[in-house]
Amino acid sequence: MMRSFFSSYVLAALALLSFAFAVPCARAEVELDITKGVVKAMPIAISKFYAQSPDLEDTARSIPEIVHANLTRTGLFAPVSERAFIQSPTSIEQDGVRFAEWRAINAEALVSGSVKRSADGQTRVEFRLWDVFSQQQLTGMAYTTTPDNWRRIAHIISDEIYKRITGETGYFDSRIVYIAEEGTPDKRIKRLAIMDQDGANHRYLTDGRNLVLTPRFSPSMQEITYLSYQNNRPRVYLYNIDTGRQDVLGDFPGMTFAPRFSPDGNKVIMSLAMNGNSDVYVMNLRTRQVKRLTSSSAIDTSPSYAPDGKQIVFESDRGGTQQLYVMDANGNNPHRITFDKGRYANPVWSPRGDLIAFTKMKGGEFYIGVIRPDGSGERLITKAYHVEGPSWSPNGRVLVYFKEKPVGARGERRQARLYTIDLTGFNEQMLPTPKDGSDPAWSPLNK
């Protein structure tokens with residue numbers, strides 16, 4: 001029997017061992033302040049890793065290539081061209097870093113490393129991050145893992161570099177689940193799909209026979225909750241990534257939709273529509289008990305927990321237009337937080353807890369924006385013909401969402417693509433997907 005992708009992923013993670021090298025106590029000068037709107041990218045040299053034997057050459061080349069791509073996409077780093085490098089990976093490994101040569105090509109930081117084979121056949125990857133000007137090692141790690149786990153090692157190394165230089169947790173060792181789309185507007189096929197945050201390791205989770213929408217990760221990353229129209233009946237489902245098993249989340253008399261997990265993973269909050277009215281409900285996954293949290297004659301939907309689980313943001317038209325509201329986790333104290341012209345939807349709380357992202361419709365245009373939980377500091381960071389569905393990176397620094405536009409001579413078709421953008425509103429980039437994509441959700445960091 002073929003082992004599932006997730007099982008292989010978990011086994012590889014369990015095989016992963018790491019430790020920190022001793023880091024000199026002298027305070028390093030290399031650091032980035034990424035709280036500003038525009039940041040000058042840091043020149044960083046990412047050397048090919050030293051390979052102990054010819055059979056490890058591909059891995060020694062591929063790992064730094066992934067690190068290079070990850071750091072470049074952030075807009076915070078400007079990798080120096082390899083053509084300018086003077087010192088070779090073998091020289092770094094055997095003789096140590098010749099810092100003057102790296103200063104000569106204007107590198108402020110240097111990444112070096114090695115790939116070796118351990119006695120039991122495992123792959124041992126070491127890397128070091130250097131401050132070129134102070135000639136100090138900033139950090140260093142070693143990983144022993146299975147040979148086919150090199151791509152994940154590259155993401156973990158990227159996270160370590162990002163954290164050491166910016167002071168914030170990285171987000172590269174994570175995945176994105178989304179809706180893969182194809183077909184004409186009147187016959188659209190939608191499937192659950194999952195991939196690494198850079199688009200690699202892409203695979204489909206459902207076959208497209210049933211319409212699926214709004215997938216969301218559990219905190220453990222083992223399950224996804226989503227809306228599916230199986231047998232033409234819209235209901236919320238749980239999908240186990242390890243086994244591929246799909247279970248309906250309760251047999252409600254009305255339509256259930258817009259599901260999300262609670263921060264502890266023990267509950268799913270969702271909307272239930274009956275008799276033309278929609279309210280917010282929460283289900284305890286252990287007891288399967290259901291509690292109604294809102295009870296207005298309005299449409300209350302799209303709930304999202306604060307990271308501490310104490311509050312919930314949701315959208316409602318109880319005030320006459322579609323706006324954002326915050327309430328306590330038990331449904332008490334609902335209060336409106338958006339008052340500008342336009343309509344608000346798709347609220348999602350940042351994992352930091354400091355901001356709520358949303359979709360805004362105003363003046364015939366769509367926007368992605370952020371606002372503080374108390375309703376202050378609203379800021380619009382991107383707009384398009386149709387842009388929707390924001391989801392936060394694990395560190396709360398980047399948003400992923402989808403853009404849709406009409407294509408064809410008469411606009412008879414539509415194209416949907418996934419994008420990421422920095423919280424400051426800079427560095428928007430399209431994510432590679434085999435087909436169209438919508439409704440993205442970013443996972444927590446892998447554990």
# chains A, B, ... in the order shown; residues from 1 in each chain; ligands from 1
$ residues_around --residues "Ile194 (chain A)" --least-positions-apart "3" --cutoff "9 Å" --atoms "only C-alpha atoms" --output "VMD selection string"
chain A and resid 175 to 179 199 201 to 205
$ select_by_dssp --residues "region 153-200 of chain A" --states "alpha helix (DSSP H)" --output "PyMOL selection string"
chain A and resi 153-166
$ residues_around --residues "region 377-382 of chain A" --least-positions-apart "5" --cutoff "7 Å" --atoms "only C-alpha atoms" --output "list of chain:residue names"
A:Tyr367, A:Ile368, A:Gly369, A:Val370, A:Ile371, A:Arg372, A:Thr424, A:Gly425
$ select_by_dssp --residues "region 271-423 of chain A" --states "strand (DSSP E or B)" --output "PyMOL selection string"
chain A and resi 271-274+277-284+290-292+299-305+311-316+323-328+335-336+343-349+356-362+365-371+379-384+387-392+398-407+413-422
$ closest_residue --among "A:Ser278, A:Gly363, A:Glu65, A:Glu101" --to "Gln87 (chain A)" --atoms "only C-alpha atoms"
A:Glu101
$ closest_atom_pairs --of "region 228-297 of chain A" --to "region 322-336 of chain A" --cutoff "9 Å" --atoms "only C-alpha atoms" --output "CSV"
residue,atom,partner,partner_atom,distance
A:Val280,CA,A:Gly331,CA,8.8
A:Lys291,CA,A:Asn330,CA,8.9
A:Arg292,CA,A:Gly331,CA,8.0
A:Leu293,CA,A:Gly331,CA,4.5
A:Thr294,CA,A:Gly331,CA,6.2
$ atom_distance --atom1 "CA of Ile189 (chain A)" --atom2 "CA of Leu445 (chain A)"
29.7 Å
$ residues_around --residues "Trp349 (chain A)" --least-positions-apart "5" --cutoff "7 Å" --atoms "only C-alpha atoms" --output "list in words"
Ser304, Tyr305, Ala306, Leu355, Ile356 and Ala357 of chain A
$ write_last_selection --atoms "N, CA and C atoms" --output "PDB file, in the first residue's frame"
ATOM      1  N   SER A 304     -14.385  34.402  12.897  1.00  0.00           N
ATOM      2  CA  SER A 304     -12.968  34.076  13.051  1.00  0.00           C
ATOM      3  C   SER A 304     -12.538  34.398  14.474  1.00  0.00           C
ATOM      4  N   TYR A 305     -11.884  33.436  15.126  1.00  0.00           N
ATOM      5  CA  TYR A 305     -11.439  33.613  16.509  1.00  0.00           C
ATOM      6  C   TYR A 305     -10.198  34.503  16.600  1.00  0.00           C
ATOM      7  N   ALA A 306     -10.095  35.243  17.704  1.00  0.00           N
ATOM      8  CA  ALA A 306      -8.829  35.854  18.087  1.00  0.00           C
ATOM      9  C   ALA A 306      -7.870  34.733  18.484  1.00  0.00           C
ATOM     10  N   LEU A 355      -4.251  42.695  14.587  1.00  0.00           N
ATOM     11  CA  LEU A 355      -4.983  43.193  13.429  1.00  0.00           C
ATOM     12  C   LEU A 355      -6.013  42.176  12.946  1.00  0.00           C
ATOM     13  N   ILE A 356      -6.994  42.674  12.218  1.00  0.00           N
ATOM     14  CA  ILE A 356      -7.985  41.846  11.531  1.00  0.00           C
ATOM     15  C   ILE A 356      -7.927  42.208  10.055  1.00  0.00           C
ATOM     16  N   ALA A 357      -7.719  41.231   9.190  1.00  0.00           N
ATOM     17  CA  ALA A 357      -7.737  41.458   7.746  1.00  0.00           C
ATOM     18  C   ALA A 357      -9.160  41.288   7.233  1.00  0.00           C
TER      19      ALA A 357
END
$ closest_atom_pairs --of "region 144-201 of chain A" --to "region 388-408 of chain A" --cutoff "12 Å" --atoms "only C-alpha atoms" --output "JSON lines"
{"residue": "A:Asp159", "atom": "CA", "partner": "A:Asn395", "partner_atom": "CA", "distance": 10.6}
{"residue": "A:Tyr162", "atom": "CA", "partner": "A:Asn395", "partner_atom": "CA", "distance": 11.2}
{"residue": "A:Lys163", "atom": "CA", "partner": "A:Asn395", "partner_atom": "CA", "distance": 10.4}
{"residue": "A:Thr166", "atom": "CA", "partner": "A:Arg397", "partner_atom": "CA", "distance": 11.4}
{"residue": "A:Gly167", "atom": "CA", "partner": "A:Asn395", "partner_atom": "CA", "distance": 11.2}
{"residue": "A:Glu168", "atom": "CA", "partner": "A:Asn395", "partner_atom": "CA", "distance": 7.4}
{"residue": "A:Thr169", "atom": "CA", "partner": "A:Asn395", "partner_atom": "CA", "distance": 5.8}
{"residue": "A:Gly170", "atom": "CA", "partner": "A:Asn395", "partner_atom": "CA", "distance": 6.4}
{"residue": "A:Tyr171", "atom": "CA", "partner": "A:Pro394", "partner_atom": "CA", "distance": 5.7}
{"residue": "A:Phe172", "atom": "CA", "partner": "A:Pro394", "partner_atom": "CA", "distance": 9.1}
{"residue": "A:Asp173", "atom": "CA", "partner": "A:Pro394", "partner_atom": "CA", "distance": 9.5}
{"residue": "A:Ser174", "atom": "CA", "partner": "A:Pro394", "partner_atom": "CA", "distance": 7.8}
{"residue": "A:Arg175", "atom": "CA", "partner": "A:Ser393", "partner_atom": "CA", "distance": 9.5}
{"residue": "A:Ile176", "atom": "CA", "partner": "A:Val400", "partner_atom": "CA", "distance": 8.9}
{"residue": "A:Val177", "atom": "CA", "partner": "A:Ser391", "partner_atom": "CA", "distance": 10.6}
{"residue": "A:Tyr178", "atom": "CA", "partner": "A:Phe402", "partner_atom": "CA", "distance": 9.7}
{"residue": "A:Ile179", "atom": "CA", "partner": "A:Phe402", "partner_atom": "CA", "distance": 10.2}
{"residue": "A:Ala180", "atom": "CA", "partner": "A:Phe402", "partner_atom": "CA", "distance": 11.3}
{"residue": "A:Glu181", "atom": "CA", "partner": "A:Glu404", "partner_atom": "CA", "distance": 11.5}
{"residue": "A:Thr184", "atom": "CA", "partner": "A:Val407", "partner_atom": "CA", "distance": 11.2}
{"residue": "A:Pro185", "atom": "CA", "partner": "A:Pro406", "partner_atom": "CA", "distance": 10.2}
{"residue": "A:Gln197", "atom": "CA", "partner": "A:Ser393", "partner_atom": "CA", "distance": 9.2}
{"residue": "A:Asp198", "atom": "CA", "partner": "A:Val400", "partner_atom": "CA", "distance": 11.5}
$ closest_residue --among "A:Arg117, A:Arg343, A:Arg103, A:Lys447" --to "Gln135 (chain A)" --atoms "only C-alpha atoms"
A:Arg103
$ atom_distance --atom1 "CA of Trp130 (chain A)" --atom2 "CA of Ser112 (chain A)"
8.1 Å
$ closest_residue --among "A:Asp186, A:Thr321, A:Ile86, A:Val67" --to "Ile153 (chain A)" --atoms "only C-alpha atoms"
A:Val67
$ closest_residue --among "A:Asn149, A:Asn231, A:Thr90, A:Ser158" --to "Ile46 (chain A)" --atoms "only C-alpha atoms"
A:Ser158
$ closest_residue --among "A:His155, A:Val97, A:Asp148, A:Lys383" --to "Leu71 (chain A)" --atoms "only C-alpha atoms"
A:His155
$ closest_residue --among "A:Ser296, A:Leu249, A:Ile241, A:Ser118" --to "Val282 (chain A)" --atoms "only C-alpha atoms"
A:Leu249
$ atom_distance --atom1 "CA of Ser316 (chain A)" --atom2 "CA of Met255 (chain A)"
17.1 Å
